[in-house]
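Everything below concerns the one structure shown next.
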Amino acid sequence: MTTTSSAPGKVYLFGEHAVVYGEPAVPCAIERRARVTVSERDDDRLRVSADALSIDGFTVEYGNASDDGPDVDVPTPLVEAATGYVDEAVAQARDAAGRPDAGFDVEIESEIPLGAGLGSSAAVAVAGIDAATRELGVKLDTREVADRAYRVEHEVQDGQASRADTFCSAMGGAVRVEGDDCTTLEAPDLPFVVGYDGTSHDTGELVSGVRALRDEFEFAADTVETVGDLVREGERALADGDVETLGRLMNFNHGLLSALGVSARTLDNMVWAARDGGAVGAKLTGAGGGGSIVALDDDGGSVTALSLTPDCEEAFRAELATEGVRVE
Ligand code: MEV
């Protein structure tokens with residue numbers, strides 16, 4: 001048998017990084033999906049291939065279920081990261097189905113660039129767990145898929161992950177995450193524009209950088225708390241459908257993330273290009289260090305402005321994905 005599941009990527013309206021320390025965050029799923037196709041093997045080995053990613057394709061053959069990792073060299077650190085998420089997702093599926101020795105062929109396709117701040121790893125973990133458990137005849141509740149995908153991120157990112165990315169990818173739509181408290185939100189279809197600089201970054205390292213700053217300086221810890229205040233204000237604007245205020249708060253959030261050291265010249269340039277192009281607000285999205293920005297712009301002038309910005313590799317309108325993980 002073969003089973004394919006897909007899950008959406010996401011942008012953060014507000015609250016990345018601060019969410020790791022118990023502040024609230026509001027990520028929104030976008031209509032760019034990762035698809036994971038799983039076939040059960042008749043041995044206990046794991047073979048992972050990914051030919052349709054925004055990086056060079058790869059195939060990695062793993063050892064037996066009891067082995068620690070791939071038994072061949074993985075081509076790049078990024079591929080290593082991707083296979084790490086798949087490896088842990090398969091471990092979760094084996095556990096959920098009570099089949100510790102199940103072997104799989106896994107194929108990943110993603111419309112979301114890896115490590116770009118658009119939630120590719122969460123989407124791969126969510127879709128991977130859903131597909132692998134279904135392949136073993138087990139249908140998990142969506143919240144359990146989200147919970148198990150969180151454990152995957154937690155493991156791969158050395159204990160430094162919030163539930164935000166994985167809950168958002170599993171449920172779809174706009175969500176609110178504060179610690180272990182995860183809820184879905186009513187949200188208008190916001191006019192998201194995304195700019196991507198073509199680079200990839202390690203979330204774990206960026207989270208560690210913020211943690212170090214927060215441990216060193218009280219005002220950095222205060223900055224993290226201020227992000228939480230901003231998110232609470234933003235939730236009111238979201239409930240009122242007040243796009244103008246959402247935009248102003250996004251601009252403020254970008255400034256705070258910049259103070260926490262996770263912006264980059266490319267991100268700042270794209271943020272300013274989007275604002276100059278008519279966006280009501282723009283900020284980096286995800287872990288930062290490079291990667292992507294999100295803007296709110298009804299008439300699309302920011303897509304043109306971003307396309308003309310040398311630091312921007314790709315600019316696109318992104319629709320809210322109302323559907324989370326689904327079998328294809
Ligand atoms: C990464 O997409 C979002 C961070 O807040 C990390 C996390 O929440 O796990 C930086």
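Ordered as shown in the structure tokens, chains take letters A, B, and onward, while each chain numbers its residues from 1 and ligands are numbered from 1 in the order shown.
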| Once you count only C-alpha atoms and all ligand atoms, which residues end up within 8 Å of ligand 1, and could you hand them over as a ChimeraX atom specification? | /A:12,15-20,117-119,153-154,160-165,203-204,206-207,285-288
Take the selection from the previous step and output its residues with C-alpha atoms, as an mmCIF file, in the first residue's frame.
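The resulting file, selection-v9.cif, is shown below:
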data_model
loop_
_atom_site.group_PDB
_atom_site.id
_atom_site.type_symbol
_atom_site.label_atom_id
_atom_site.label_comp_id
_atom_site.auth_asym_id
_atom_site.auth_seq_id
_atom_site.Cartn_x
_atom_site.Cartn_y
_atom_site.Cartn_z
ATOM 1 C CA TYR A 12 3.799 34.210 11.989
ATOM 2 C CA GLY A 15 5.089 36.092 18.454
ATOM 3 C CA GLU A 16 7.863 33.796 17.132
ATOM 4 C CA HIS A 17 10.762 33.281 19.552
ATOM 5 C CA ALA A 18 8.820 34.789 22.495
ATOM 6 C CA VAL A 19 6.488 31.760 22.255
ATOM 7 C CA VAL A 20 9.415 29.519 23.260
ATOM 8 C CA GLY A 117 11.080 30.328 8.145
ATOM 9 C CA LEU A 118 7.909 29.051 6.466
ATOM 10 C CA GLY A 119 7.386 25.957 8.596
ATOM 11 C CA GLU A 153 10.645 19.223 16.688
ATOM 12 C CA HIS A 154 11.518 19.189 20.375
ATOM 13 C CA GLN A 160 14.069 24.181 22.034
ATOM 14 C CA ALA A 161 10.702 24.244 20.320
ATOM 15 C CA SER A 162 7.248 25.596 21.006
ATOM 16 C CA ARG A 163 4.019 23.902 19.915
ATOM 17 C CA ALA A 164 3.221 26.787 17.544
ATOM 18 C CA ASP A 165 4.563 25.571 14.164
ATOM 19 C CA THR A 203 16.187 27.219 14.020
ATOM 20 C CA GLY A 204 17.897 25.620 17.029
ATOM 21 C CA LEU A 206 18.736 31.056 16.404
ATOM 22 C CA VAL A 207 16.641 30.049 19.424
ATOM 23 C CA THR A 285 8.645 35.405 9.960
ATOM 24 C CA GLY A 286 9.886 32.275 11.721
ATOM 25 C CA ALA A 287 13.292 31.859 13.280
ATOM 26 C CA GLY A 288 14.979 34.573 11.152
#
| said: Show me, as a VMD selection string, the residues that have an atom within 6 Å of Val325 (chain A) when counting only C-alpha atoms, minus same-chain residues fewer than 2 positions from it. | reply: chain A and resid 6 to 7 170
Atoms kept (N, CA and C atoms) for selection, written as an mmCIF file, in the first residue's frame:
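So the final result, stored in selection-v9.cif, reads:
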data_model
loop_
_atom_site.group_PDB
_atom_site.id
_atom_site.type_symbol
_atom_site.label_atom_id
_atom_site.label_comp_id
_atom_site.auth_asym_id
_atom_site.auth_seq_id
_atom_site.Cartn_x
_atom_site.Cartn_y
_atom_site.Cartn_z
ATOM 1 N N SER A 6 -0.557 15.488 3.321
ATOM 2 C CA SER A 6 0.093 16.789 3.151
ATOM 3 C C SER A 6 -0.264 17.690 4.322
ATOM 4 N N ALA A 7 0.583 18.685 4.559
ATOM 5 C CA ALA A 7 0.329 19.657 5.631
ATOM 6 C C ALA A 7 0.883 21.010 5.184
ATOM 7 N N ALA A 170 -0.814 21.314 11.644
ATOM 8 C CA ALA A 170 -1.784 20.215 11.769
ATOM 9 C C ALA A 170 -3.226 20.718 11.648
#
| query | With only C-alpha atoms as the basis for distance, which of A:Thr309, A:Gln157, A:Ser263, A:Thr4 is at the shortest distance from Ser208 (chain A)? | reply | A:Gln157
| task | Could you please write out, as a VMD selection string, every residue of region 119-304 of chain A that DSSP assigns to strand (DSSP E)? | result | chain A and resid 174 to 178 181 to 185 192 to 196 281 to 285 292 to 296
| For the atom pair CA of Met250 (chain A) and CA of Leu267 (chain A), what is the interatomic distance in Å to one decimal place? | 13.7 Å
| remark: From the list A:Val227, A:Ala132, A:Val175, A:Val11, the nearest residue to Val38 (chain A) using only C-alpha atoms is A:Ala132
| Which is closest to Ala127 (chain A) among A:Leu284, A:Val327, A:Ala29, A:Ala318, if we use only C-alpha atoms? |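 Checking each candidate against Ala127 (chain A), we get A:Val327 as the closest.
Counting only C-alpha atoms, the residue from A:Cys28, A:Cys182, A:Leu306, A:Leu246 that sits nearest to Asp197 (chain A) is A:Leu306.
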| field | Selection near Glu233 (chain A), 10 Å with only C-alpha atoms, sequence-local residues under 4 positions removed, as a PyMOL selection string | value | chain A and resi 227-229+237-238+245-246+249
Residues just named, written with N, CA and C atoms as a tab-separated table (two decimals), in the first residue's frame:
chain	number	residue	atom	x	y	z
A	227	VAL	N	6.94	41.43	23.52
A	227	VAL	CA	6.35	40.74	22.36
A	227	VAL	C	5.02	40.11	22.79
A	228	GLY	N	4.99	39.53	24.01
A	228	GLY	CA	3.75	38.93	24.51
A	228	GLY	C	2.63	39.98	24.61
A	229	ASP	N	2.95	41.18	25.13
A	229	ASP	CA	1.94	42.26	25.23
A	229	ASP	C	1.43	42.62	23.84
A	237	ALA	N	-7.01	43.12	17.53
A	237	ALA	CA	-7.11	43.67	16.17
A	237	ALA	C	-7.56	42.59	15.19
A	238	LEU	N	-7.08	41.36	15.41
A	238	LEU	CA	-7.46	40.25	14.51
A	238	LEU	C	-8.96	39.96	14.66
A	245	THR	N	-4.29	48.17	12.05
A	245	THR	CA	-3.61	47.98	13.35
A	245	THR	C	-2.73	46.74	13.32
A	246	LEU	N	-3.19	45.67	12.66
A	246	LEU	CA	-2.36	44.46	12.55
A	246	LEU	C	-1.02	44.82	11.90
A	249	LEU	N	1.28	46.75	14.22
A	249	LEU	CA	1.84	45.85	15.24
A	249	LEU	C	2.90	44.91	14.64
| message | Just want the 7 Å neighbourhood of region 139-142 of chain A, counted on only C-alpha atoms, with same-chain residues fewer than 5 positions away dropped. Output as a list in words. | response |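 Within the cut-off, the hits are Thr133, Arg134, Ala170 and Met171 of chain A.
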| query | Excluding same-chain residues fewer than 2 positions from Val124 (chain A), what lies within 10 Å of it counting only C-alpha atoms, as a PyMOL selection string? | reply | chain A and resi 5-9+33-36+82-83+85-86+89+108-110+112+114+119-122+126-130+149+166+169
Those same residues - C-alpha atoms - I'd like them written as a PDB file, in the first residue's frame.
ATOM      1  CA  SER A   5      -0.553  13.079   3.491  1.00  0.00           C
ATOM      2  CA  SER A   6       0.093  16.789   3.151  1.00  0.00           C
ATOM      3  CA  ALA A   7       0.329  19.657   5.631  1.00  0.00           C
ATOM      4  CA  PRO A   8       0.655  23.426   5.127  1.00  0.00           C
ATOM      5  CA  GLY A   9       3.512  25.787   5.910  1.00  0.00           C
ATOM      6  CA  ARG A  33       2.179  22.355   1.409  1.00  0.00           C
ATOM      7  CA  ALA A  34       4.656  19.561   2.107  1.00  0.00           C
ATOM      8  CA  ARG A  35       3.568  16.127   0.883  1.00  0.00           C
ATOM      9  CA  VAL A  36       4.922  12.917   2.373  1.00  0.00           C
ATOM     10  CA  ALA A  82      15.322  17.101   6.864  1.00  0.00           C
ATOM     11  CA  THR A  83      16.117  13.439   7.394  1.00  0.00           C
ATOM     12  CA  TYR A  85      12.655  15.265  11.117  1.00  0.00           C
ATOM     13  CA  VAL A  86      11.581  12.284   9.003  1.00  0.00           C
ATOM     14  CA  ALA A  89       8.373  11.338  12.649  1.00  0.00           C
ATOM     15  CA  ILE A 108       9.055  14.056   0.489  1.00  0.00           C
ATOM     16  CA  GLU A 109       7.832  16.775  -1.868  1.00  0.00           C
ATOM     17  CA  SER A 110       7.588  20.330  -0.638  1.00  0.00           C
ATOM     18  CA  ILE A 112       7.866  25.223   1.044  1.00  0.00           C
ATOM     19  CA  LEU A 114      13.497  24.111   3.681  1.00  0.00           C
ATOM     20  CA  GLY A 119       7.386  25.957   8.596  1.00  0.00           C
ATOM     21  CA  SER A 120       8.756  23.257   6.283  1.00  0.00           C
ATOM     22  CA  SER A 121      10.067  21.052   9.081  1.00  0.00           C
ATOM     23  CA  ALA A 122       6.789  21.183  11.021  1.00  0.00           C
ATOM     24  CA  VAL A 126       2.997  16.518  10.648  1.00  0.00           C
ATOM     25  CA  ALA A 127       2.434  15.002   7.188  1.00  0.00           C
ATOM     26  CA  GLY A 128       4.999  12.241   7.886  1.00  0.00           C
ATOM     27  CA  ILE A 129       3.319  11.109  11.123  1.00  0.00           C
ATOM     28  CA  ASP A 130      -0.136  11.228   9.530  1.00  0.00           C
ATOM     29  CA  ALA A 149       4.961  16.380  15.657  1.00  0.00           C
ATOM     30  CA  THR A 166       3.345  21.989  14.486  1.00  0.00           C
ATOM     31  CA  SER A 169       0.411  23.015  10.394  1.00  0.00           C
TER      32      SER A 169
END
Using only C-alpha atoms, determine which residues lie at most 7 Å from region 39-44 of chain A, disregarding the query and same-chain residues fewer than 4 positions distant; provide the list as an mmCIF file with N, CA and C atoms, in the first residue's frame.
data_model
loop_
_atom_site.group_PDB
_atom_site.id
_atom_site.type_symbol
_atom_site.label_atom_id
_atom_site.label_comp_id
_atom_site.auth_asym_id
_atom_site.auth_seq_id
_atom_site.Cartn_x
_atom_site.Cartn_y
_atom_site.Cartn_z
ATOM 1 N N MET A 1 0.840 -1.201 0.000
ATOM 2 C CA MET A 1 0.000 0.000 0.000
ATOM 3 C C MET A 1 0.882 1.262 0.000
ATOM 4 N N THR A 2 0.298 2.379 -0.380
ATOM 5 C CA THR A 2 1.009 3.659 -0.323
ATOM 6 C C THR A 2 0.058 4.708 0.241
ATOM 7 N N THR A 3 0.550 5.556 1.113
ATOM 8 C CA THR A 3 -0.294 6.610 1.680
ATOM 9 C C THR A 3 0.410 7.951 1.557
ATOM 10 N N ASN A 64 18.559 -0.429 10.101
ATOM 11 C CA ASN A 64 17.366 -1.055 10.646
ATOM 12 C C ASN A 64 16.699 -0.110 11.633
ATOM 13 N N ALA A 65 15.468 -0.450 12.025
ATOM 14 C CA ALA A 65 14.713 0.398 12.944
ATOM 15 C C ALA A 65 15.485 0.641 14.239
ATOM 16 N N ASP A 101 9.118 -2.134 14.758
ATOM 17 C CA ASP A 101 10.005 -2.617 13.698
ATOM 18 C C ASP A 101 9.487 -2.330 12.289
ATOM 19 N N ALA A 102 8.463 -1.483 12.168
ATOM 20 C CA ALA A 102 7.922 -1.202 10.824
ATOM 21 C C ALA A 102 8.972 -0.470 9.988
ATOM 22 N N GLY A 103 9.155 -0.880 8.736
ATOM 23 C CA GLY A 103 10.084 -0.208 7.822
ATOM 24 C C GLY A 103 9.308 0.528 6.738
ATOM 25 N N PHE A 104 9.893 1.605 6.203
ATOM 26 C CA PHE A 104 9.160 2.418 5.225
ATOM 27 C C PHE A 104 10.062 2.941 4.112
ATOM 28 N N ASP A 105 9.470 3.125 2.937
ATOM 29 C CA ASP A 105 10.043 4.016 1.919
ATOM 30 C C ASP A 105 9.289 5.324 2.048
ATOM 31 N N VAL A 106 10.025 6.434 2.156
ATOM 32 C CA VAL A 106 9.398 7.745 2.378
ATOM 33 C C VAL A 106 9.833 8.700 1.278
ATOM 34 N N GLU A 135 -0.665 4.449 7.065
ATOM 35 C CA GLU A 135 -0.118 3.308 6.324
ATOM 36 C C GLU A 135 -0.125 2.044 7.193
#
Backbone DSSP call of alpha helix (DSSP H) for region 102-211 of chain A, listed as a PDB file with C-alpha atoms, in the first residue's frame:
ATOM      1  CA  SER A 120       8.756  23.257   6.283  1.00  0.00           C
ATOM      2  CA  SER A 121      10.067  21.052   9.081  1.00  0.00           C
ATOM      3  CA  ALA A 122       6.789  21.183  11.021  1.00  0.00           C
ATOM      4  CA  ALA A 123       4.838  20.409   7.832  1.00  0.00           C
ATOM      5  CA  VAL A 124       7.101  17.426   7.030  1.00  0.00           C
ATOM      6  CA  ALA A 125       6.810  16.126  10.610  1.00  0.00           C
ATOM      7  CA  VAL A 126       2.997  16.518  10.648  1.00  0.00           C
ATOM      8  CA  ALA A 127       2.434  15.002   7.188  1.00  0.00           C
ATOM      9  CA  GLY A 128       4.999  12.241   7.886  1.00  0.00           C
ATOM     10  CA  ILE A 129       3.319  11.109  11.123  1.00  0.00           C
ATOM     11  CA  ASP A 130      -0.136  11.228   9.530  1.00  0.00           C
ATOM     12  CA  ALA A 131       0.923   9.228   6.449  1.00  0.00           C
ATOM     13  CA  ALA A 132       3.007   6.638   8.319  1.00  0.00           C
ATOM     14  CA  THR A 133       0.340   5.932  10.962  1.00  0.00           C
ATOM     15  CA  ARG A 134      -2.388   5.632   8.296  1.00  0.00           C
ATOM     16  CA  GLU A 135      -0.118   3.308   6.324  1.00  0.00           C
ATOM     17  CA  THR A 142      -5.424  15.720  14.471  1.00  0.00           C
ATOM     18  CA  ARG A 143      -4.466  17.037  17.919  1.00  0.00           C
ATOM     19  CA  GLU A 144      -2.483  13.866  18.569  1.00  0.00           C
ATOM     20  CA  VAL A 145      -0.676  14.288  15.230  1.00  0.00           C
ATOM     21  CA  ALA A 146       0.150  17.873  16.346  1.00  0.00           C
ATOM     22  CA  ASP A 147       1.357  16.679  19.742  1.00  0.00           C
ATOM     23  CA  ARG A 148       3.568  13.970  18.274  1.00  0.00           C
ATOM     24  CA  ALA A 149       4.961  16.380  15.657  1.00  0.00           C
ATOM     25  CA  TYR A 150       5.821  18.786  18.478  1.00  0.00           C
ATOM     26  CA  ARG A 151       7.796  15.969  20.121  1.00  0.00           C
ATOM     27  CA  VAL A 152       9.660  15.528  16.810  1.00  0.00           C
ATOM     28  CA  GLU A 153      10.645  19.223  16.688  1.00  0.00           C
ATOM     29  CA  HIS A 154      11.518  19.189  20.375  1.00  0.00           C
ATOM     30  CA  GLU A 155      13.839  16.238  19.817  1.00  0.00           C
ATOM     31  CA  VAL A 156      15.508  17.538  16.632  1.00  0.00           C
ATOM     32  CA  ALA A 164       3.221  26.787  17.544  1.00  0.00           C
ATOM     33  CA  ASP A 165       4.563  25.571  14.164  1.00  0.00           C
ATOM     34  CA  THR A 166       3.345  21.989  14.486  1.00  0.00           C
ATOM     35  CA  PHE A 167      -0.102  22.866  15.920  1.00  0.00           C
ATOM     36  CA  CYS A 168      -0.645  25.432  13.142  1.00  0.00           C
ATOM     37  CA  SER A 169       0.411  23.015  10.394  1.00  0.00           C
ATOM     38  CA  ALA A 170      -1.784  20.215  11.769  1.00  0.00           C
ATOM     39  CA  MET A 171      -4.925  22.322  12.335  1.00  0.00           C
ATOM     40  CA  THR A 203      16.187  27.219  14.020  1.00  0.00           C
ATOM     41  CA  GLY A 204      17.897  25.620  17.029  1.00  0.00           C
ATOM     42  CA  GLU A 205      20.914  27.949  16.728  1.00  0.00           C
ATOM     43  CA  LEU A 206      18.736  31.056  16.404  1.00  0.00           C
ATOM     44  CA  VAL A 207      16.641  30.049  19.424  1.00  0.00           C
ATOM     45  CA  SER A 208      19.862  29.492  21.408  1.00  0.00           C
ATOM     46  CA  GLY A 209      21.050  33.002  20.477  1.00  0.00           C
ATOM     47  CA  VAL A 210      17.870  34.596  21.848  1.00  0.00           C
ATOM     48  CA  ARG A 211      18.071  32.461  24.983  1.00  0.00           C
TER      49      ARG A 211
END
| message | Quick one: residues within 7 Å of Phe14 (chain A), only C-alpha atoms, excluding same-chain residues fewer than 4 positions away - as an MDAnalysis selection string? | response | chainID A and resid 25:27 231 250 253
| query | From the set A:Ala97, A:Leu296, A:Leu13, A:Ala50, which residue has the shortest atom-to-atom contact distance to Thr37 (chain A), counting only C-alpha atoms? | reply |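 When distances to Thr37 (chain A) are compared using only C-alpha atoms, the smallest one comes from A:Ala50.
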